[in-house]
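Undergrad: Please read through the structure below; I'll follow up with questions.
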Amino acid sequence: MKRESEGEKMKIKNNFLRFKSRVLPSTLHALPFTLLPLLFISLSGCMLATQKDMIELNETLTKMRKSQADLVVKMTDLSSNLESLNSQLDSSQQRMTSLSQKLEDLQLDLSHRMSLLSGQVTGGGTASSSASNPGDIYRLALNDYQAGKFDLALIGFRNFIAQYPRTELAPQAQYQVGECEFARKNYIDAAREYDKVVSMAAHSDIAPKALYKKGIALQSAGRDQDARDTFKRVIKEYPRTEVAKSAKELLDNK
Amino acid sequence: MGSNSLLLLLFLCTASVQATDVYLNLQAYGGNGKQIGVGLSPFTTTGTDPALASEAQALRSVLREDLLFARLFNVVDGGPAPSPKVDALAWAGLGAQVLVTADVSAEGDQLKLTGSILDIATGKTLYTKDVSGAKSSARRIAHTLANAILYQLSGQPGIALTRIAFVSKKNGHKELFVMDYDGANVHQITSHHSIDLLPKWSPNGEWIAFNSYRSQNPDAYLVSPDGRLLKELSMRQGLNTAPNWSPDGKSIALTLTRQGDPELYLLDPNGRVIRRLTVSQGVDTSPTFSPNGQQIAFISDRSGSPELYVMDNTGADVKRLTFGQWADSPSWSPKGDQIVYERQRTQGRFDVWMIDANGRNNHQISEAGSRNEGPVWSPDGRFIVFSSDREGGKAKICIMGADGSAPHCITDLAGECSSPDWEPIK
């Protein structure tokens, strides 16, 4: 058993030696010639790959930049769209206001006619005053304002507010009272009149404008700190309005 | 100097004759909206100089054009000249209720025109006025008398002495020009060999604000109406466009791109910023003040297309007036109730439209079929001056009634004319 195993060992040794003398030398000799080009190819392949990667990376970067620019453009587009939508909303609101004014005129006209009719039916006295509709009275005052007759316009708007304090046009008329005083350069009076608009209808469209104009009036009167406080109020209370932007602009530029 | 003394004379004469009396007396003739018949007698001359007779004829034709232009009366021609008595019967037969007579005399290079208004029915002289000046300013003498007669007969201030500034490419480049309101006396007032645009008279008539690219940037300048003085108004980087005056002449609204977006600003006449007016995204431009100075109409494309807006002179209370109009070039009426503007009908075709200042009653006033642009009110609020190619060929400066009636062109220059602006009554 032992001999056998020794013979086995010898065999293995011989085989190994045969392998060592025949195969290894040739392989070892061949190694430099086969490996070097391989190495070269694989190395240069590596370099080529890095370059390619770089180019690809660059391309990706350019693409990303482009898409970022596209995004910026889209964002600008979107925000301008938003702005135009906002302005469309504004004008719709404007139209709504004028429509509701017309409706109010019609309603008042109707009730006026009804009372006339009922007067006639019951045989009561003739019609009361020949009061035309509130829209007309407002427009007359506005015409005076537009013609630069601020004193007359002031009386007109004050009368309107006294006669129709609960109509939708009343805060607008109050704003116009402020405008008349502003135009007459009575800035402190103007500020007080604008303030009344805000207390009359704090949630109306005209309120932020009135508050902003109060700031301008105070500024024109030389009361800069009060003006600044008012502009801050505009930004705080009506942050999403056009006049808030104007107020910010005025505060930043001081 | 000469014009000043003439104006002083005009003032003294009108003050002494009590204009309203004559005007009120004549109301009797003009009742029921019928125009009174104003006879215009041939002008007589003092002296026998034959040159003076032709001078008199020229003066009469200028005066006649002024009276016709005003469209306030039925101007009657063809009656006999006074010799020396007026043939009232002949003139009455022609339909005249009053008669305008005038006598022309000369002394050296000075002309004197003595005009009178006679009541045909009573034969009484209602009004007399002397106007004199150099022979070279004969048209001005006639215009001065026309203004006085118009005021006496209608109670309205005449516009016969006003001028119109405009842009013309007569000499190849867009330069500023000034002419009389009837198209006479065309003067070139800038020669920048660049692009001069959008002239706007100051309320006192002493300056014309305009845009020029003479320094390779759209800058705003002021020029005197004789072209002698030029002042820089705003030379900021970017746009300094469409300057327009407030009625008190103390501020000028214009478009600047100080923070990228074209916004409206208020400047003083020395170019310092008083305040920024608009804060919206998009272009805001073409400002025009209301006659009370409290509001500004302007064009903005904040909604996506250029539309007409109104705000107050602090930038608050913005209201949109037009919807889907492609509006531009608004001009607020001297009476304050209307705004005239141009509207693009199709690519490059424009019409003149009128809208109430409250946004109602929007309607077209120019006839379709031609390019009608840049409408501006006359200072008396009765006419619109605009540019139009209605006569074919190059655009001319034209005038029509504020209702669009009787359009006629008053320039006949070699180049395109555009962007007129009417001088205020001083």
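All residue names refer to the structure tokens as shown: chains lettered A, B, ... in order, residues numbered from 1 in each chain, ligands numbered from 1 in order.
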Kindly assemble as a tab-separated table a list of the chain A residues that lie within 6 Å of chain B, each paired with its nearest atom pair and their distance in Å to one decimal, using only C-alpha atoms, sorted first by chain and then by ascending residue number.

TA:
```
residue	atom	partner	partner_atom	distance
A:Ser84	CA	B:Ser303	CA	4.0
A:Ser87	CA	B:Ser303	CA	5.9
A:Gln146	CA	B:Gly336	CA	5.3
A:Ala147	CA	B:Gly336	CA	5.5
A:Gly148	CA	B:Asn292	CA	4.5
A:Lys209	CA	B:Asp317	CA	5.9
```

Undergrad: Residues of segment 33-82 of chain B in helix (DSSP H, G or I) according to DSSP, as a list in words?

TA: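 Listing helix (DSSP H, G or I) positions across segment 33-82 of chain B yields Gly33, Pro50, Ala51, Leu52, Ala53, Ser54, Glu55, Ala56, Gln57, Ala58, Leu59, Arg60, Ser61, Val62, Leu63, Arg64, Glu65, Asp66, Leu67, Leu68, Phe69 and Ala70 of chain B.
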
Undergrad: Take the residues from that selection and put them in a file with N, CA, C and O atoms, as a PDB file, in the first residue's frame.

TA:
```pdb
ATOM      1  N   GLY B  33     -81.068 123.926 -33.550  1.00  0.00           N
ATOM      2  CA  GLY B  33     -79.913 123.211 -34.085  1.00  0.00           C
ATOM      3  C   GLY B  33     -79.547 123.621 -35.498  1.00  0.00           C
ATOM      4  O   GLY B  33     -78.640 123.062 -36.104  1.00  0.00           O
ATOM      5  N   PRO B  50     -52.115 147.269 -56.543  1.00  0.00           N
ATOM      6  CA  PRO B  50     -52.736 146.032 -57.049  1.00  0.00           C
ATOM      7  C   PRO B  50     -52.236 144.785 -56.306  1.00  0.00           C
ATOM      8  O   PRO B  50     -52.954 143.797 -56.196  1.00  0.00           O
ATOM      9  N   ALA B  51     -50.988 144.862 -55.788  1.00  0.00           N
ATOM     10  CA  ALA B  51     -50.461 143.713 -55.030  1.00  0.00           C
ATOM     11  C   ALA B  51     -51.282 143.493 -53.764  1.00  0.00           C
ATOM     12  O   ALA B  51     -51.479 142.358 -53.317  1.00  0.00           O
ATOM     13  N   LEU B  52     -51.778 144.578 -53.224  1.00  0.00           N
ATOM     14  CA  LEU B  52     -52.549 144.485 -51.984  1.00  0.00           C
ATOM     15  C   LEU B  52     -53.877 143.762 -52.216  1.00  0.00           C
ATOM     16  O   LEU B  52     -54.366 143.036 -51.350  1.00  0.00           O
ATOM     17  N   ALA B  53     -54.443 143.939 -53.408  1.00  0.00           N
ATOM     18  CA  ALA B  53     -55.711 143.283 -53.727  1.00  0.00           C
ATOM     19  C   ALA B  53     -55.536 141.764 -53.721  1.00  0.00           C
ATOM     20  O   ALA B  53     -56.395 141.029 -53.201  1.00  0.00           O
ATOM     21  N   SER B  54     -54.413 141.315 -54.282  1.00  0.00           N
ATOM     22  CA  SER B  54     -54.200 139.858 -54.297  1.00  0.00           C
ATOM     23  C   SER B  54     -53.892 139.364 -52.884  1.00  0.00           C
ATOM     24  O   SER B  54     -54.274 138.258 -52.495  1.00  0.00           O
ATOM     25  N   GLU B  55     -53.194 140.223 -52.096  1.00  0.00           N
ATOM     26  CA  GLU B  55     -52.925 139.914 -50.690  1.00  0.00           C
ATOM     27  C   GLU B  55     -54.257 139.731 -49.946  1.00  0.00           C
ATOM     28  O   GLU B  55     -54.431 138.781 -49.168  1.00  0.00           O
ATOM     29  N   ALA B  56     -55.200 140.649 -50.240  1.00  0.00           N
ATOM     30  CA  ALA B  56     -56.508 140.609 -49.582  1.00  0.00           C
ATOM     31  C   ALA B  56     -57.255 139.331 -49.941  1.00  0.00           C
ATOM     32  O   ALA B  56     -57.891 138.699 -49.092  1.00  0.00           O
ATOM     33  N   GLN B  57     -57.133 138.932 -51.201  1.00  0.00           N
ATOM     34  CA  GLN B  57     -57.812 137.712 -51.653  1.00  0.00           C
ATOM     35  C   GLN B  57     -57.240 136.477 -50.937  1.00  0.00           C
ATOM     36  O   GLN B  57     -57.981 135.580 -50.530  1.00  0.00           O
ATOM     37  N   ALA B  58     -55.910 136.482 -50.800  1.00  0.00           N
ATOM     38  CA  ALA B  58     -55.250 135.354 -50.123  1.00  0.00           C
ATOM     39  C   ALA B  58     -55.688 135.282 -48.661  1.00  0.00           C
ATOM     40  O   ALA B  58     -56.000 134.203 -48.140  1.00  0.00           O
ATOM     41  N   LEU B  59     -55.751 136.453 -47.997  1.00  0.00           N
ATOM     42  CA  LEU B  59     -56.181 136.486 -46.593  1.00  0.00           C
ATOM     43  C   LEU B  59     -57.613 135.961 -46.467  1.00  0.00           C
ATOM     44  O   LEU B  59     -57.933 135.202 -45.551  1.00  0.00           O
ATOM     45  N   ARG B  60     -58.459 136.389 -47.405  1.00  0.00           N
ATOM     46  CA  ARG B  60     -59.862 135.959 -47.349  1.00  0.00           C
ATOM     47  C   ARG B  60     -59.970 134.445 -47.514  1.00  0.00           C
ATOM     48  O   ARG B  60     -60.761 133.794 -46.823  1.00  0.00           O
ATOM     49  N   SER B  61     -59.155 133.884 -48.413  1.00  0.00           N
ATOM     50  CA  SER B  61     -59.301 132.441 -48.640  1.00  0.00           C
ATOM     51  C   SER B  61     -58.816 131.652 -47.410  1.00  0.00           C
ATOM     52  O   SER B  61     -59.381 130.605 -47.084  1.00  0.00           O
ATOM     53  N   VAL B  62     -57.803 132.167 -46.704  1.00  0.00           N
ATOM     54  CA  VAL B  62     -57.363 131.498 -45.468  1.00  0.00           C
ATOM     55  C   VAL B  62     -58.473 131.568 -44.417  1.00  0.00           C
ATOM     56  O   VAL B  62     -58.823 130.566 -43.774  1.00  0.00           O
ATOM     57  N   LEU B  63     -59.063 132.746 -44.274  1.00  0.00           N
ATOM     58  CA  LEU B  63     -60.140 132.937 -43.293  1.00  0.00           C
ATOM     59  C   LEU B  63     -61.345 132.047 -43.637  1.00  0.00           C
ATOM     60  O   LEU B  63     -61.947 131.417 -42.767  1.00  0.00           O
ATOM     61  N   ARG B  64     -61.638 131.972 -44.922  1.00  0.00           N
ATOM     62  CA  ARG B  64     -62.781 131.164 -45.373  1.00  0.00           C
ATOM     63  C   ARG B  64     -62.558 129.695 -45.028  1.00  0.00           C
ATOM     64  O   ARG B  64     -63.462 129.011 -44.527  1.00  0.00           O
ATOM     65  N   GLU B  65     -61.336 129.198 -45.304  1.00  0.00           N
ATOM     66  CA  GLU B  65     -61.009 127.805 -44.974  1.00  0.00           C
ATOM     67  C   GLU B  65     -61.168 127.550 -43.474  1.00  0.00           C
ATOM     68  O   GLU B  65     -61.677 126.511 -43.058  1.00  0.00           O
ATOM     69  N   ASP B  66     -60.723 128.515 -42.657  1.00  0.00           N
ATOM     70  CA  ASP B  66     -60.845 128.376 -41.194  1.00  0.00           C
ATOM     71  C   ASP B  66     -62.311 128.265 -40.776  1.00  0.00           C
ATOM     72  O   ASP B  66     -62.676 127.437 -39.941  1.00  0.00           O
ATOM     73  N   LEU B  67     -63.159 129.134 -41.362  1.00  0.00           N
ATOM     74  CA  LEU B  67     -64.581 129.132 -40.994  1.00  0.00           C
ATOM     75  C   LEU B  67     -65.243 127.839 -41.456  1.00  0.00           C
ATOM     76  O   LEU B  67     -66.060 127.254 -40.733  1.00  0.00           O
ATOM     77  N   LEU B  68     -64.853 127.365 -42.650  1.00  0.00           N
ATOM     78  CA  LEU B  68     -65.417 126.113 -43.164  1.00  0.00           C
ATOM     79  C   LEU B  68     -64.976 124.940 -42.297  1.00  0.00           C
ATOM     80  O   LEU B  68     -65.772 124.057 -41.975  1.00  0.00           O
ATOM     81  N   PHE B  69     -63.691 124.953 -41.934  1.00  0.00           N
ATOM     82  CA  PHE B  69     -63.139 123.853 -41.153  1.00  0.00           C
ATOM     83  C   PHE B  69     -63.900 123.675 -39.840  1.00  0.00           C
ATOM     84  O   PHE B  69     -64.170 122.560 -39.411  1.00  0.00           O
ATOM     85  N   ALA B  70     -64.265 124.810 -39.223  1.00  0.00           N
ATOM     86  CA  ALA B  70     -64.900 124.763 -37.897  1.00  0.00           C
ATOM     87  C   ALA B  70     -66.250 124.042 -37.928  1.00  0.00           C
ATOM     88  O   ALA B  70     -66.699 123.516 -36.913  1.00  0.00           O
TER      89      ALA B  70
END
```

Undergrad: With a distance cut-off of 7 Å and only C-alpha atoms, select the neighbouring residues of segment 198-205 of chain B, excluding the residue or stretch itself and same-chain residues fewer than 2 positions from it, and output the selection as a list in words.

TA: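 Here the qualifying residues turn out to be Ala165, Phe166, Trp207, Ile208, Ala209, Phe210, Asn211, Ala242, Asn244, Trp245, Pro247, Asp248, Gly249, Ser419, Asp421, Glu423, Pro424 and Lys426 of chain B.
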
Undergrad: DSSP on the backbone: what in segment 114-362 of chain B comes out strand (DSSP E or B), as a PyMOL selection string?

TA: chain B and resi 114-119+125-134+163-168+174-180+187-188+195-201+208-212+219-223+230-234+240-245+252-256+263-267+273-276+284-289+295-300+307-312+319-320+327-332+338-346+349-356

Undergrad: Would you list the contacts of segment 221-229 of chain B as a ChimeraX atom specification, taking every protein, DNA or RNA residue within 12 Å and counting only C-alpha atoms, but skipping same-chain residues closer than 2 positions in sequence?

TA: /B:162-166,175-180,185-192,196-202,204-215,217-219,231-236,240-245,252,254,269-271,422-423

Undergrad: Figure out the distance between atom CA of Arg158 of chain A and atom CA of Glu237 of chain A, please, to one decimal in Å.

TA: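 One can read the atom CA of Glu237 of chain A to atom CA of Arg158 of chain A distance as 27.3 Å.
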
Undergrad: Tell me, as an NGL selection string, which residues lie within 12 Å of Ser98 of chain A, counting only C-alpha atoms; anything in the same chain fewer than 3 positions away does not count.

TA: (:A and (91-95 or 101-105 or 135 or 168-169 or 172)) or (:B and (319 or 358-360))
